[in-house]
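Worksheet for the structure shown next.
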Amino acid sequence: MWGSSILLALRAIRRNLLRSFLTVLGIVIGVAAVITMVTVGNGATRAVQDQISSLGSNLLQVRPGQRLGPGMGTAGAPPFKEADIEAISAQIGGLKAVAPEVRSAVTVVANGKNWSTTVTGSTNAYFITGNWSLASGRTFSDEELASGAAVCLLGATVRRELFGASSNPLGEQVRVKSFSCQIIGLLNAKGQAAMGMDQDDTVVVPLRTAQRRVTGSTKINTLLISMQDGADSARITANLTTLLRERRKLAEGTENNFNVLDTAQIAQTLSGTTQLMTSLLGAVAAVSLLVGGIGIMNIMLVSVTERTREIGVRLAIGALAREVLLQFLVEAVVLSSLGGLVGIVLATGASLGITALMGVPYLFNPGVNLLAFAFSAGIGVIFGYFPARRAAQLDPIEALRHE
């Protein structure tokens, strides 16, 4: 019975191909829109998470001032000292590395070219906190860090702009501001950070080198603290806050003159925002599925009216009402299911194109595809039942008289 019903449904669909195509178009667009929105949204969420994690693993960033962003409120807030780094490393457990960071915008010159970039002064702990890996060369020796030697490591962008992507400038000199430093290492590329900053556009020098030859000051404006895997970030943040308040001699009730930023919380917040937007866009796109269902219901009612005499003949020669109902119900489900399949194919192509254009990963989600297909088939059942029931309840005699 099911086989003959499906065959009859396909024959009826083939009889009016253009009308059938226009009928399922709403389902196709609805399914494609839902899957594409969810897939692109998931890709955007993953991209945000990857960009945040590229800043460092389990990273805390500590800066002077009471808040971040425009008007950071750093006026009067003292910078950090190297003694603060030693105290944090010694008195707070669960840490992987603590690194100072001094940054300054400069123009570097080498190989007859110049490039505006950022010089970062730090220690070898900086490469741990920032998840940096070496493409070639080495990091700083203890003697170079202690003496403030004129050595540096280049980020991928600076290397490409000054020497070319395929070159190996190890051992060569690059002029940074008013001094020349020897290139001892090349960093692997990390790409853009969450705020669009090119992380590879940097030159890393020893902390004392940056303080003496670039900034001319012993101020440390940022502390980068990498926590061990599984560490309780809330506990570490609380202990860190208490320690820094003691070292900065803040009285009880006085606001902190520093801020602690947990990159994991940023990633969670941004991911939650993108997931919410994905859900909203998916819900809006799902409305078109309902519109497509109404279209199927409308065309099935027209089909029942057109085939009233055919229905009457079937009933007159012994067909049961449930068989007539099943025939039209299967026809509606086949229409909506075909629309669902075409929509999945269309969504796959659209998702691949949009994610490539946006530069976010394509994440195939079988659950969303199956759910969208099941929803499209369910719409065929819901909106096809009323026309099918109407066909099954026709009086055979009246149906045979119909012209």
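Ordering of the structure tokens sets the chain letters (A, B, ...), residue numbers begin anew at 1 in every chain, and ligands are numbered from 1 in the order given.
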Point to revise | Non-local contacts of A:Pro206 (9 Å; only C-alpha atoms; under 4 positions in same chain excluded) as a list in words | key: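 What passes the distance filter is Thr120, Gly121, Ser122, Thr123, Asn124, Phe140, Glu144, Leu145, Ala146, Ser147, Gly148, Ala149, Ala150, Val151, Cys152, Ala210 and Gln211 of chain A.
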Review point. Got a sec: who's within 9 Å of A:Ala332, counting only C-alpha atoms, leaving out chain neighbours fewer than 4 positions off, as a list in words?
Key: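 Non-adjacent residues within range: Ala9, Ile296, Met297, Met300, Gln327, Phe328, Ser336, Ser337, Ala377, Ile379, Gly380, Val381, Phe383, Gly384, Tyr385 and Ala388 of chain A.
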Practice item. Rank A:Val368, A:Ala125, A:Val342, A:Ala234 by their smallest atom-to-atom distance to A:Thr139, using only C-alpha atoms, and report the top residue only. Key: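 Checking each of A:Val368, A:Ala125, A:Val342, A:Ala234 against A:Thr139, counting only C-alpha atoms, the winner is A:Ala125.
Counting only C-alpha atoms, A:Gly230 has the following residues at most 10 Å away, ignoring those fewer than 3 positions along the same chain: Asn58, Gly94, Met227 and Ser233 of chain A.
Near A:Gly185, within a cut-off of 9 Å and counting only C-alpha atoms, sit the residues Leu134, Ala135, Ser136, Gly137, Arg138, Thr139, Phe140, Cys152, Leu153, Leu154, Pro169, Leu170 and Gly171 of chain A, with same-chain residues fewer than 3 positions away left out.
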Exercise for review: Please identify which residues in stretch 223-353 of chain A DSSP calls alpha helix (DSSP H) from the backbone, and express them as JSON, numbers by chain.
Suggested key: {"A": [233, 234, 235, 236, 237, 238, 239, 240, 241, 242, 243, 244, 245, 246, 247, 263, 264, 265, 266, 267, 268, 269, 270, 271, 272, 273, 274, 275, 276, 277, 278, 279, 280, 281, 282, 283, 284, 285, 286, 287, 288, 289, 290, 291, 292, 293, 294, 295, 296, 297, 298, 299, 300, 301, 302, 303, 304, 305, 306, 308, 309, 310, 311, 312, 313, 314, 315, 316, 321, 322, 323, 324, 325, 326, 327, 328, 329, 330, 331, 332, 333, 334, 335, 336, 337, 338, 339, 340, 341, 342, 343, 344, 345, 346, 347, 348, 349, 350, 351, 352, 353]}
